[in-house]
$ cat start_17.csv   # CSV, C-alpha atoms and all ligand atoms
chain,number,residue,atom,x,y,z
A,215,MET,CA,19.9,23.0,23.7
A,216,GLY,CA,21.6,24.1,27.0
A,217,THR,CA,21.4,22.0,30.1
A,218,PRO,CA,18.3,19.9,30.0
A,219,SER,CA,16.0,20.2,32.9
A,220,PRO,CA,13.1,18.2,34.1
A,221,THR,CA,10.0,18.7,32.0
A,222,ASP,CA,8.1,20.3,34.8
A,223,THR,CA,10.6,23.0,35.4
A,224,MET,CA,11.8,23.5,31.8
A,225,ASP,CA,11.5,26.9,30.4
A,226,ASP,CA,8.2,27.1,28.6
A,227,ASP,CA,9.8,28.8,25.6
A,228,LEU,CA,12.3,26.0,25.1
A,229,LYS,CA,9.7,23.4,25.6
A,230,GLY,CA,7.5,25.1,23.0
A,231,ILE,CA,10.5,25.1,20.6
A,232,LEU,CA,11.3,21.4,21.1
A,233,ASP,CA,7.6,20.5,20.7
A,234,ALA,CA,7.5,22.3,17.4
A,235,LEU,CA,10.4,20.4,16.0
A,236,LEU,CA,9.7,17.7,13.5
A,237,GLU,CA,12.4,15.6,15.2
A,238,GLY,CA,11.6,13.6,18.3
A,239,VAL,CA,13.8,14.6,21.2
A,240,LEU,CA,14.3,12.7,24.4
A,241,VAL,CA,16.7,13.3,27.3
A,242,LEU,CA,17.4,10.8,30.0
A,243,ASP,CA,19.2,11.3,33.3
A,244,ASP,CA,22.1,9.2,34.6
A,245,ALA,CA,19.8,6.4,35.5
A,246,ASP,CA,17.9,6.4,32.3
A,247,ARG,CA,14.9,8.2,33.8
A,248,LEU,CA,13.0,10.6,31.7
A,249,LEU,CA,14.1,14.2,31.9
A,250,PHE,CA,12.4,15.5,28.8
A,251,LEU,CA,10.3,14.2,26.0
A,252,ASN,CA,8.9,16.3,23.2
A,253,ALA,CA,5.6,15.7,21.4
A,254,GLU,CA,7.1,14.0,18.4
A,255,ALA,CA,9.2,11.6,20.5
A,256,ALA,CA,6.0,10.7,22.5
A,257,ARG,CA,4.3,9.9,19.2
A,258,LEU,CA,7.1,7.8,17.8
A,259,LEU,CA,7.6,5.9,21.0
A,260,GLY,CA,3.9,5.5,21.6
A,261,ALA,CA,4.4,7.0,25.0
A,262,PRO,CA,1.6,8.8,26.8
A,263,GLY,CA,1.7,12.6,26.0
A,264,ASP,CA,1.8,13.5,29.7
A,265,ALA,CA,4.7,11.1,30.5
A,266,ARG,CA,6.2,12.6,33.6
A,267,ALA,CA,9.8,13.3,34.2
A,268,GLY,CA,11.5,10.8,36.6
A,269,ARG,CA,9.9,7.7,35.1
A,270,PRO,CA,12.4,5.1,33.9
A,271,LEU,CA,12.4,4.8,30.1
A,272,ALA,CA,12.0,1.1,30.4
A,273,ALA,CA,8.8,1.5,32.4
A,274,LEU,CA,7.5,3.9,29.7
A,275,ILE,CA,8.1,1.9,26.6
A,276,GLY,CA,9.2,-1.6,27.8
A,277,ALA,CA,12.8,-2.8,28.4
A,278,ASP,CA,12.7,-4.8,25.1
A,279,HIS,CA,11.9,-1.7,23.0
A,280,PRO,CA,14.7,-1.3,20.5
A,281,VAL,CA,15.4,2.3,21.8
A,282,CYS,CA,15.9,0.9,25.3
A,283,GLN,CA,18.3,-1.6,24.0
A,284,ILE,CA,20.3,1.0,22.1
A,285,VAL,CA,20.5,3.1,25.2
A,286,GLU,CA,21.9,0.1,27.1
A,287,ARG,CA,24.5,-0.4,24.4
A,288,VAL,CA,25.5,3.2,24.4
A,289,ARG,CA,25.9,3.1,28.2
A,290,THR,CA,28.1,0.0,28.0
A,291,SER,CA,30.3,1.2,25.1
A,292,GLY,CA,30.4,4.8,26.1
A,293,ARG,CA,30.0,5.6,22.4
A,294,PRO,CA,27.1,7.3,20.5
A,295,SER,CA,25.0,5.1,18.2
A,296,ILE,CA,23.1,5.9,15.0
A,297,TYR,CA,20.5,3.6,13.5
A,298,ASP,CA,18.9,4.1,10.1
A,299,GLU,CA,15.2,3.2,9.7
A,300,LEU,CA,14.8,1.2,12.8
A,301,GLU,CA,11.3,-0.3,13.1
A,302,LEU,CA,9.7,1.3,16.1
A,303,PRO,CA,6.9,-0.9,17.4
A,304,GLN,CA,3.5,0.7,17.8
A,305,ARG,CA,0.3,-0.4,19.3
A,306,LEU,CA,-1.2,-0.2,15.8
A,307,PRO,CA,-0.3,-3.1,13.5
A,308,HIS,CA,2.5,-1.3,11.6
A,309,PRO,CA,5.8,-0.2,13.1
A,310,ILE,CA,7.1,3.2,12.2
A,311,PRO,CA,10.5,3.3,10.5
A,312,ALA,CA,12.7,5.9,12.2
A,313,ASP,CA,16.3,7.1,12.3
A,314,VAL,CA,17.5,6.9,15.8
A,315,SER,CA,20.6,8.5,17.3
A,316,VAL,CA,21.6,8.1,20.9
A,317,ALA,CA,24.4,10.1,22.4
A,318,LEU,CA,25.9,10.7,25.8
A,319,ILE,CA,25.8,14.3,26.9
A,320,GLY,CA,29.0,15.9,28.0
A,321,ASP,CA,32.5,14.3,27.9
A,322,VAL,CA,33.0,13.2,31.5
A,323,PRO,CA,33.9,9.6,31.3
A,324,GLY,CA,32.1,6.9,33.4
A,325,ALA,CA,28.8,7.0,35.0
A,326,GLY,CA,26.6,10.0,35.8
A,327,ARG,CA,26.1,11.0,32.2
A,328,ARG,CA,22.8,12.0,30.7
A,329,ILE,CA,21.7,10.7,27.3
A,330,ALA,CA,20.1,12.6,24.4
A,331,ILE,CA,18.1,10.7,21.8
A,332,ALA,CA,16.9,12.0,18.5
A,333,LEU,CA,14.2,10.3,16.4
A,334,ARG,CA,13.2,11.0,12.9
A,335,ASP,CA,10.1,9.5,11.3
A,336,ARG,CA,11.1,7.9,7.9
A,337,SER,CA,7.8,6.6,6.8
A,338,ALA,CA,7.2,9.4,4.3
A,339,ALA,CA,10.6,8.9,2.7
A,340,ARG,CA,10.2,5.1,2.6
A,341,SER,CA,6.8,5.2,1.0
A,342,LEU,CA,8.1,7.7,-1.6
A,343,ARG,CA,11.0,5.3,-2.3
A,344,GLU,CA,8.6,2.4,-2.6
A,345,GLU,CA,6.4,4.4,-5.0
A,346,ILE,CA,9.4,5.1,-7.2
A,347,SER,CA,10.6,1.5,-7.4
A,348,GLU,CA,7.0,0.4,-8.0
A,349,ARG,CA,6.7,2.8,-10.9
A,350,GLU,CA,10.0,1.6,-12.4
A,351,ARG,CA,8.8,-2.0,-12.1
A,352,GLN,CA,5.5,-1.2,-13.8
A,353,GLU,CA,7.4,0.4,-16.6
A,354,SER,CA,9.6,-2.7,-17.1
A,355,TYR,CA,6.5,-4.8,-17.1
A,356,GLY,CA,5.3,-2.7,-20.0
A,357,HIS,CA,8.4,-3.6,-22.0
A,358,ILE,CA,8.1,-7.3,-21.1
A,359,ALA,CA,4.4,-7.3,-22.0
A,360,ALA,CA,5.0,-5.8,-25.3
A,361,GLY,CA,7.7,-8.4,-26.1
A,362,ILE,CA,5.4,-11.3,-25.0
A,363,ALA,CA,2.5,-9.9,-27.0
A,364,HIS,CA,4.6,-9.9,-30.1
A,365,GLU,CA,6.3,-13.3,-29.6
A,366,VAL,CA,3.5,-15.2,-28.2
A,367,LYS,CA,0.2,-13.7,-29.4
A,368,ASN,CA,0.9,-14.0,-33.1
A,369,PRO,CA,1.8,-17.7,-33.2
A,370,LEU,CA,-1.2,-18.4,-31.0
A,371,GLY,CA,-3.5,-17.5,-33.9
A,372,GLY,CA,-1.8,-20.1,-36.1
A,373,ILE,CA,-1.9,-22.8,-33.4
A,374,ARG,CA,-5.6,-22.2,-32.8
A,375,GLY,CA,-6.5,-22.3,-36.5
A,376,ALA,CA,-4.6,-25.5,-37.0
A,377,ALA,CA,-6.2,-27.1,-33.9
A,378,GLU,CA,-9.7,-26.1,-35.2
A,379,LEU,CA,-8.9,-27.8,-38.4
A,380,LEU,CA,-7.8,-31.0,-36.7
A,381,GLN,CA,-10.9,-30.9,-34.6
A,382,LEU,CA,-13.1,-30.8,-37.8
A,383,ARG,CA,-11.1,-33.5,-39.6
A,384,ALA,CA,-10.5,-35.9,-36.8
A,385,ASP,CA,-12.6,-39.0,-37.0
A,386,ASP,CA,-12.3,-40.4,-33.5
A,387,ASP,CA,-13.6,-38.8,-30.3
A,388,ARG,CA,-10.3,-38.8,-28.5
A,389,SER,CA,-8.5,-36.8,-31.2
A,390,LYS,CA,-11.5,-34.4,-31.4
A,391,LYS,CA,-11.3,-33.9,-27.7
A,392,ALA,CA,-7.5,-33.3,-27.7
A,393,ALA,CA,-7.8,-30.8,-30.5
A,394,GLY,CA,-10.6,-29.0,-28.6
A,395,LEU,CA,-8.4,-28.9,-25.5
A,396,ILE,CA,-5.7,-27.1,-27.6
A,397,VAL,CA,-8.2,-24.5,-28.7
A,398,SER,CA,-9.5,-23.8,-25.2
A,399,GLU,CA,-6.0,-23.6,-23.7
A,400,VAL,CA,-4.8,-21.3,-26.5
A,401,ASP,CA,-7.8,-19.1,-25.7
A,402,ARG,CA,-6.8,-19.1,-22.0
A,403,ILE,CA,-3.2,-18.0,-22.9
A,404,ALA,CA,-4.5,-15.4,-25.3
A,405,GLY,CA,-6.7,-14.0,-22.5
A,406,LEU,CA,-3.7,-13.8,-20.2
A,407,VAL,CA,-1.7,-12.0,-22.8
A,408,ASP,CA,-4.5,-9.6,-23.3
A,409,GLU,CA,-4.6,-8.8,-19.6
A,410,LEU,CA,-0.9,-8.3,-19.5
A,411,MET,CA,-1.1,-6.0,-22.5
A,412,VAL,CA,-2.7,-3.3,-20.5
A,413,PHE,CA,0.8,-2.5,-19.2
A,414,ALA,CA,2.2,-2.2,-22.7
A,415,ARG,CA,-0.6,-0.2,-24.5
A,416,GLY,CA,-0.5,2.9,-22.4
A,417,ASP,CA,-4.2,3.0,-23.2
A,418,GLU,CA,-5.9,6.3,-23.4
A,419,LEU,CA,-8.6,6.8,-20.9
A,420,ALA,CA,-12.2,7.4,-22.0
A,421,LEU,CA,-12.9,10.1,-19.3
A,422,GLU,CA,-16.4,10.9,-18.1
A,423,SER,CA,-17.8,12.7,-15.2
A,424,MET,CA,-19.0,9.9,-12.9
A,425,ASN,CA,-20.3,9.1,-9.5
A,426,ILE,CA,-17.8,6.8,-7.9
A,427,HIS,CA,-20.6,5.0,-5.9
A,428,GLN,CA,-22.1,3.7,-9.1
A,429,PRO,CA,-19.3,1.1,-10.0
A,430,LEU,CA,-19.1,0.2,-6.3
A,431,ASP,CA,-22.8,-0.7,-6.2
A,432,ALA,CA,-22.6,-2.5,-9.6
A,433,LEU,CA,-19.9,-4.7,-8.0
A,434,LEU,CA,-22.3,-6.4,-5.7
A,435,ASP,CA,-24.5,-7.5,-8.6
A,436,LEU,CA,-21.5,-8.6,-10.6
A,437,LEU,CA,-20.1,-10.7,-7.8
A,438,GLU,CA,-23.4,-12.2,-6.9
A,439,LEU,CA,-23.5,-13.8,-10.3
A,440,GLU,CA,-20.1,-15.4,-9.7
A,441,ARG,CA,-20.7,-17.0,-6.4
A,442,ASP,CA,-23.1,-17.4,-3.6
A,443,PHE,CA,-22.0,-15.1,-0.9
A,444,ALA,CA,-24.6,-15.7,1.8
A,445,GLU,CA,-21.8,-16.0,4.3
A,446,ILE,CA,-20.4,-12.6,3.5
A,447,GLU,CA,-22.0,-9.4,4.9
A,448,VAL,CA,-21.6,-6.3,2.9
A,449,ASP,CA,-21.3,-2.9,4.5
A,450,ARG,CA,-21.4,0.3,2.5
A,451,VAL,CA,-20.0,3.4,4.2
A,452,TYR,CA,-20.5,6.0,1.6
A,453,ASP,CA,-20.0,9.8,1.9
A,454,PRO,CA,-23.1,10.9,-0.1
A,455,SER,CA,-21.7,14.4,-0.6
A,456,LEU,CA,-18.7,13.3,-2.7
A,457,PRO,CA,-18.4,15.3,-5.9
A,458,GLU,CA,-18.3,13.5,-9.3
A,459,VAL,CA,-14.9,12.5,-10.6
A,460,LEU,CA,-13.5,12.6,-14.1
A,461,ALA,CA,-12.5,9.0,-14.8
A,462,ASP,CA,-12.9,6.1,-17.2
A,463,PRO,CA,-15.9,4.2,-15.8
A,464,ALA,CA,-15.0,0.9,-17.5
A,465,ARG,CA,-11.5,0.9,-16.1
A,466,ILE,CA,-12.6,2.0,-12.6
A,467,GLN,CA,-15.2,-0.8,-12.7
A,468,GLN,CA,-12.4,-3.2,-13.6
A,469,VAL,CA,-10.3,-2.0,-10.7
A,470,PHE,CA,-13.0,-2.4,-8.1
A,471,LEU,CA,-14.0,-5.7,-9.5
A,472,ASN,CA,-10.5,-7.1,-9.2
A,473,LEU,CA,-10.2,-5.8,-5.6
A,474,ALA,CA,-13.6,-6.9,-4.5
A,475,ARG,CA,-13.1,-10.3,-6.1
A,476,ASN,CA,-9.9,-10.8,-4.1
A,477,ALA,CA,-11.7,-9.7,-0.9
A,478,MET,CA,-14.5,-12.2,-1.5
A,479,GLN,CA,-12.0,-15.0,-2.4
A,480,ALA,CA,-10.2,-14.3,0.8
A,481,MET,CA,-13.4,-14.8,2.8
A,482,GLU,CA,-14.6,-17.8,0.8
A,483,GLU,CA,-13.8,-20.4,3.4
A,484,LYS,CA,-14.9,-18.7,6.6
A,485,GLY,CA,-17.2,-15.9,5.5
A,486,GLY,CA,-16.8,-12.4,6.9
A,487,ARG,CA,-17.5,-8.8,6.1
A,488,LEU,CA,-16.8,-6.8,3.0
A,489,THR,CA,-16.8,-3.1,3.6
A,490,LEU,CA,-16.8,-0.6,0.8
A,491,SER,CA,-16.2,3.0,2.0
A,492,THR,CA,-15.7,6.4,0.4
A,493,ARG,CA,-14.7,9.8,1.6
A,494,MET,CA,-12.9,12.9,0.7
A,495,SER,CA,-9.3,12.4,1.6
A,496,LEU,CA,-7.3,14.6,3.9
A,497,GLU,CA,-4.2,12.5,3.8
A,498,HIS,CA,-3.1,12.5,0.2
A,499,ARG,CA,0.2,12.9,-1.5
A,500,LEU,CA,-1.0,13.6,-4.9
A,501,VAL,CA,0.0,17.0,-6.2
A,502,GLY,CA,-0.8,18.8,-9.4
A,503,PRO,CA,1.8,20.4,-11.7
A,504,ASP,CA,1.7,23.6,-9.7
A,505,GLY,CA,2.8,21.6,-6.6
A,506,ARG,CA,-0.5,22.1,-4.8
A,507,PRO,CA,-2.4,19.1,-3.4
A,508,LEU,CA,-5.1,17.8,-5.7
A,509,PRO,CA,-8.6,17.2,-4.2
A,510,THR,CA,-8.7,13.4,-3.8
A,511,ILE,CA,-11.3,10.9,-3.0
A,512,GLU,CA,-10.5,7.8,-1.1
A,513,ILE,CA,-12.2,4.5,-1.8
A,514,ALA,CA,-11.5,1.6,0.6
A,515,ILE,CA,-12.3,-2.1,0.0
A,516,GLU,CA,-11.9,-4.0,3.2
A,517,ASP,CA,-12.3,-7.7,4.1
A,518,THR,CA,-12.1,-9.7,7.2
A,519,GLY,CA,-10.2,-12.6,5.5
A,520,PRO,CA,-7.0,-14.1,6.6
A,521,GLY,CA,-4.8,-11.2,5.6
A,522,ILE,CA,-1.5,-11.4,3.6
A,523,PRO,CA,1.7,-12.8,5.1
A,524,ALA,CA,4.3,-10.0,5.6
A,525,ASP,CA,6.7,-12.0,3.3
A,526,ASP,CA,4.2,-11.8,0.4
A,527,GLN,CA,3.3,-8.2,0.8
A,528,HIS,CA,6.0,-6.7,-1.3
A,529,ARG,CA,5.3,-9.1,-4.2
A,530,LEU,CA,1.6,-8.4,-4.4
A,531,SER,CA,1.7,-6.2,-7.5
A,532,THR,CA,4.2,-8.3,-9.4
A,533,PRO,CA,2.3,-9.7,-12.4
A,534,PHE,CA,1.7,-13.4,-12.0
A,535,PHE,CA,2.3,-13.5,-8.3
A,536,THR,CA,-0.6,-15.6,-7.0
A,537,THR,CA,-1.2,-17.9,-4.0
A,538,LYS,CA,-4.4,-19.3,-5.6
A,539,ARG,CA,-4.6,-22.6,-7.5
A,540,LYS,CA,-6.5,-21.0,-10.4
A,541,GLY,CA,-5.2,-17.4,-9.9
A,542,THR,CA,-3.6,-15.4,-12.7
A,543,GLY,CA,-1.8,-13.1,-10.4
A,544,LEU,CA,-2.8,-10.1,-12.6
A,545,GLY,CA,-5.7,-8.6,-10.6
A,546,LEU,CA,-3.7,-6.3,-8.4
A,547,SER,CA,-1.1,-5.3,-10.9
A,548,VAL,CA,-3.9,-4.4,-13.4
A,549,ALA,CA,-5.8,-2.5,-10.7
A,550,ARG,CA,-2.7,-0.5,-9.8
A,551,HIS,CA,-2.0,0.2,-13.4
A,552,TRP,CA,-5.4,1.8,-14.0
A,553,ILE,CA,-5.3,3.8,-10.9
A,554,ARG,CA,-1.9,5.2,-11.9
A,555,ARG,CA,-3.2,6.0,-15.3
A,556,HIS,CA,-5.8,8.1,-13.5
A,557,GLY,CA,-3.0,9.9,-11.5
A,558,GLY,CA,-4.0,8.1,-8.3
A,559,ARG,CA,-2.4,5.6,-6.1
A,560,LEU,CA,-3.3,2.2,-4.6
A,561,ARG,CA,-2.1,1.1,-1.2
A,562,ILE,CA,-2.6,-2.3,0.5
A,563,GLU,CA,-2.7,-2.6,4.3
A,564,SER,CA,-3.0,-6.1,5.6
A,565,THR,CA,-2.6,-7.8,8.9
A,566,GLU,CA,-2.5,-11.5,9.2
A,567,GLY,CA,-5.5,-12.9,11.1
A,568,ILE,CA,-7.4,-9.6,10.8
A,569,GLY,CA,-7.9,-8.8,7.2
A,570,THR,CA,-7.0,-6.7,4.3
A,571,ARG,CA,-7.8,-3.1,3.3
A,572,VAL,CA,-7.0,-1.8,-0.1
A,573,ILE,CA,-7.1,2.0,-0.3
A,574,VAL,CA,-7.5,3.8,-3.6
A,575,HIS,CA,-6.8,7.5,-3.8
A,576,LEU,CA,-8.2,9.1,-6.9
A,577,PRO,CA,-7.8,12.7,-7.9
A,578,LEU,CA,-11.1,14.4,-8.8
A,579,ARG,CA,-9.7,14.7,-12.3
A,580,PRO,CA,-6.5,13.2,-13.7
A,581,PRO,CA,-3.7,15.7,-13.8
A,582,LEU,CA,-2.8,16.9,-17.3
A,583,GLN,CA,-0.1,14.7,-18.7
A,584,PRO,CA,2.2,15.3,-21.6
A,585,ALA,CA,1.0,13.3,-24.6
A,586,GLY,CA,2.3,9.7,-24.6
A,587,SER,CA,3.7,10.0,-21.1
A,588,GLN,CA,3.0,7.1,-18.8
A,589,ALA,CA,4.3,9.1,-15.8
A,590,ASP,CA,1.8,10.3,-13.3
A,591,ARG,CA,2.4,13.4,-11.3
A,592,LEU,CA,2.9,11.5,-8.1
A,593,GLU,CA,4.8,13.6,-5.7
A,594,PHE,CA,5.0,14.5,-2.1
A,595,SER,CA,3.2,17.6,-1.0
A,596,ALA,CA,5.1,17.6,2.3
B,1,LIG,P1,-5.0,-13.6,-8.1
B,1,LIG,O1,-6.2,-13.1,-7.4
B,1,LIG,O2,-5.3,-14.1,-9.5
B,1,LIG,O3,-4.2,-14.5,-7.3
B,1,LIG,P2,-4.2,-10.8,-7.7
B,1,LIG,O4,-3.1,-10.0,-8.3
B,1,LIG,O5,-5.6,-10.3,-7.7
B,1,LIG,O6,-4.1,-12.3,-8.4
B,1,LIG,O7,-3.7,-11.1,-6.2
B,1,LIG,C1,-2.4,-11.6,-6.0
B,1,LIG,C2,-2.3,-12.3,-4.6
B,1,LIG,O8,-2.5,-11.3,-3.6
B,1,LIG,C3,-3.4,-13.3,-4.3
B,1,LIG,O9,-3.1,-14.6,-4.9
B,1,LIG,C4,-3.4,-13.3,-2.8
B,1,LIG,O10,-2.4,-14.1,-2.3
B,1,LIG,C5,-3.1,-11.9,-2.4
B,1,LIG,N1,-4.3,-11.1,-2.1
B,1,LIG,C6,-4.8,-10.1,-2.9
B,1,LIG,N2,-5.9,-9.6,-2.3
B,1,LIG,C7,-6.1,-10.2,-1.1
B,1,LIG,C8,-7.0,-10.1,0.0
B,1,LIG,N3,-8.0,-9.3,0.0
B,1,LIG,N4,-6.8,-11.0,1.1
B,1,LIG,C9,-5.8,-11.8,1.1
B,1,LIG,N5,-4.9,-12.0,0.1
B,1,LIG,C10,-5.0,-11.2,-1.0
B,2,MG,MG,-7.3,-11.5,-8.0

$ encode --input "start_17.csv" --output "structure tokens" --more "lines below"
Ligand code: ADP
Ligand code: MG
Amino acid sequence: MGTPSPTDTMDDDLKGILDALLEGVLVLDDADRLLFLNAEAARLLGAPGDARAGRPLAALIGADHPVCQIVERVRTSGRPSIYDELELPQRLPHPIPADVSVALIGDVPGAGRRIAIALRDRSAARSLREEISERERQESYGHIAAGIAHEVKNPLGGIRGAAELLQLRADDDRSKKAAGLIVSEVDRIAGLVDELMVFARGDELALESMNIHQPLDALLDLLELERDFAEIEVDRVYDPSLPEVLADPARIQQVFLNLARNAMQAMEEKGGRLTLSTRMSLEHRLVGPDGRPLPTIEIAIEDTGPGIPADDQHRLSTPFFTTKRKGTGLGLSVARHWIRRHGGRLRIESTEGIGTRVIVHLPLRPPLQPAGSQADRLEFSA
């Protein structure tokens, strides 16, 4: 890199090269004032793009920023420091995970040394890793579901039949009631097992060309039947020019219903706003077998409910994880399952106190899959 010089006087060529790097690069003088900052470093640190040379780093990003604290440690120890996937705070709700390395420039001991900092955004790698472990989890649910179906569903039929018989033969009301309870509880368990079975069946999709707005509009009627949502305003932000998608309308309807139901339940107490939006997606990571990005539509279902505590967020798609008294904890995992079957992905963004946004990316047509394969072509295009 040569000798770093203040941003204003730095050779334009070198500045252009550093700005083009995917790595964030930051150089500080002997008193931790900014000598140089490239565009990526400005983005990762949330620093103004025109940050001027000579400003102390602490004034730029705050003395309690983790990068400031590492710099201090490096100064004190005289040794370079490397951190994997440090969470860099942002003005937006989500911090960016980044690898950070901080090193002293030159080998003159003591004060007077400049510091070079390199930052690398790890969010793409992290979300890929999360996708993979999510997929592995879903596959293991399939195995568990198949086991449960076999061991639980079959005897249920027998129990139900016997209870019905008791119900008919019982001559006092209490026994009749008790037998009736067995029947209805057996039905509830059978319903749960059926829901869980979607993981095991690897169901074929009944694909049709469809307008994605149609199941979204149908939602409102379906939900109106379930509860009175006078307190909830509904906003539709549709892109009317969206092309039709090739998808299974019944499954897609189920997905949207599960998501919207969660949104409505989240706003049950205090009311709020449900926003359904659609658009062509620019930011997508779905690629076809030829490695080229697939045209994708994005559907977002957003509520202004209480949001999801950070501690719960990684458990959301685990079957049976629920915080509701009468919840099944299957809504999200079933939704994710069907979106995956369509070759799409489902992402949840939630901030406590602000609300929750579930974003579905659906390719215009599911990528071709080898017969019997559960695997979607979910890869990174960048
Ligand atoms: P269930 O609705 O039966 O609890 P789900 O799989 O649909 O099961 O959801 C799992 C959990 O995720 C819920 O119990 C709730 O804690 C949380 N959750 C899902 N969607 C939202 C939302 N829009 N707002 C707040 N919490 C949500
Ligand atoms: Mg639910």

$ residues_near_ligand --input "start_17.csv" --ligand "ligand LIG 1 (chain B)" --cutoff "9 Å" --atoms "only C-alpha atoms and all ligand atoms" --output "PyMOL selection string"
chain A and resi 472-481+515-523+526-527+529-549+562+564+566+569-572

$ residues_near_point --input "start_17.csv" --point "(-20.9, 5.8, 3.0)" --cutoff "8 Å" --atoms "all atoms listed in the file" --output "VMD selection string"
chain A and resid 450 to 454 490 to 493

$ residues_around --input "start_17.csv" --residues "range 373-378 of chain A" --least-positions-apart "3" --cutoff "6 Å" --atoms "only C-alpha atoms" --output "MDAnalysis selection string"
chainID A and resid 370 381 393 397

$ residues_around --input "start_17.csv" --residues "range 330-334 of chain A" --least-positions-apart "4" --cutoff "10 Å" --atoms "only C-alpha atoms" --output "ChimeraX atom specification"
/A:218,236-243,249-251,254-255,258-259,281,284-285,294-300,310-319

$ closest_residue --input "start_17.csv" --among "A:Leu578, A:Ala359, A:Ile573, A:Ala253" --to "Leu460 in chain A" --atoms "only C-alpha atoms"
A:Leu578

$ closest_residue --input "start_17.csv" --among "A:Ala363, A:Leu436, A:Ile466, A:Leu471" --to "ligand MG 2 (chain B)" --atoms "only C-alpha atoms and all ligand atoms"
A:Leu471

$ closest_residue --input "start_17.csv" --among "A:Val574, A:Gln468, A:Glu350, A:Ile568" --to "ligand MG 2 (chain B)" --atoms "all atoms listed in the file"
A:Gln468

$ atom_distance --input "start_17.csv" --atom1 "CA of Leu419 in chain A" --atom2 "CA of Arg555 in chain A"
7.8 Å

$ closest_residue --input "start_17.csv" --among "A:Leu421, A:Met494, A:Ile358, A:Lys484" --to "Arg579 in chain A" --atoms "all atoms listed in the file"
A:Leu421

$ atom_distance --input "start_17.csv" --atom1 "CA of Asp246 in chain A" --atom2 "CA of Ala267 in chain A"
10.8 Å

$ closest_residue --input "start_17.csv" --among "A:Phe470, A:Glu458, A:Leu576, A:Ala432" --to "ligand MG 2 (chain B)" --atoms "all atoms listed in the file"
A:Phe470

$ atom_distance --input "start_17.csv" --atom1 "CA of His556 in chain A" --atom2 "CA of Ile513 in chain A"
13.8 Å

$ closest_residue --input "start_17.csv" --among "A:Arg247, A:Lys390, A:Asp335, A:Glu438" --to "Leu235 in chain A" --atoms "all atoms listed in the file"
A:Asp335

$ residues_around --input "start_17.csv" --residues "Leu430 in chain A" --least-positions-apart "3" --cutoff "8 Å" --atoms "only C-alpha atoms" --output "list in words"
Ile426, His427, Leu433, Leu434, Gln467, Phe470 and Leu490 of chain A

$ decode --input "start_17.csv" --residues "range 544-556 of chain A" --atoms "N, CA and C atoms" --output "mmCIF file, in the first residue's frame"
data_model
loop_
_atom_site.group_PDB
_atom_site.id
_atom_site.type_symbol
_atom_site.label_atom_id
_atom_site.label_comp_id
_atom_site.auth_asym_id
_atom_site.auth_seq_id
_atom_site.Cartn_x
_atom_site.Cartn_y
_atom_site.Cartn_z
ATOM 1 N N LEU A 544 -46.252 -24.761 14.494
ATOM 2 C CA LEU A 544 -45.954 -25.370 13.194
ATOM 3 C C LEU A 544 -46.096 -24.382 12.027
ATOM 4 N N GLY A 545 -46.732 -23.229 12.298
ATOM 5 C CA GLY A 545 -47.038 -22.300 11.200
ATOM 6 C C GLY A 545 -45.819 -21.887 10.387
ATOM 7 N N LEU A 546 -44.772 -21.454 11.084
ATOM 8 C CA LEU A 546 -43.600 -20.954 10.362
ATOM 9 C C LEU A 546 -42.828 -22.085 9.700
ATOM 10 N N SER A 547 -42.696 -23.216 10.401
ATOM 11 C CA SER A 547 -41.900 -24.282 9.779
ATOM 12 C C SER A 547 -42.609 -24.851 8.564
ATOM 13 N N VAL A 548 -43.939 -24.910 8.617
ATOM 14 C CA VAL A 548 -44.673 -25.376 7.441
ATOM 15 C C VAL A 548 -44.530 -24.353 6.303
ATOM 16 N N ALA A 549 -44.632 -23.074 6.645
ATOM 17 C CA ALA A 549 -44.492 -22.029 5.619
ATOM 18 C C ALA A 549 -43.120 -22.134 4.954
ATOM 19 N N ARG A 550 -42.106 -22.284 5.770
ATOM 20 C CA ARG A 550 -40.746 -22.368 5.224
ATOM 21 C C ARG A 550 -40.593 -23.605 4.337
ATOM 22 N N HIS A 551 -41.198 -24.679 4.786
ATOM 23 C CA HIS A 551 -41.126 -25.913 4.013
ATOM 24 C C HIS A 551 -41.687 -25.708 2.603
ATOM 25 N N TRP A 552 -42.871 -25.096 2.491
ATOM 26 C CA TRP A 552 -43.486 -24.951 1.168
ATOM 27 C C TRP A 552 -42.734 -23.964 0.296
ATOM 28 N N ILE A 553 -42.208 -22.930 0.906
ATOM 29 C CA ILE A 553 -41.444 -21.976 0.106
ATOM 30 C C ILE A 553 -40.185 -22.659 -0.445
ATOM 31 N N ARG A 554 -39.564 -23.451 0.380
ATOM 32 C CA ARG A 554 -38.396 -24.207 -0.100
ATOM 33 C C ARG A 554 -38.756 -25.160 -1.223
ATOM 34 N N ARG A 555 -39.885 -25.807 -1.092
ATOM 35 C CA ARG A 555 -40.312 -26.732 -2.140
ATOM 36 C C ARG A 555 -40.489 -26.007 -3.461
ATOM 37 N N HIS A 556 -40.786 -24.716 -3.390
ATOM 38 C CA HIS A 556 -40.913 -23.913 -4.599
ATOM 39 C C HIS A 556 -39.552 -23.346 -5.036
#
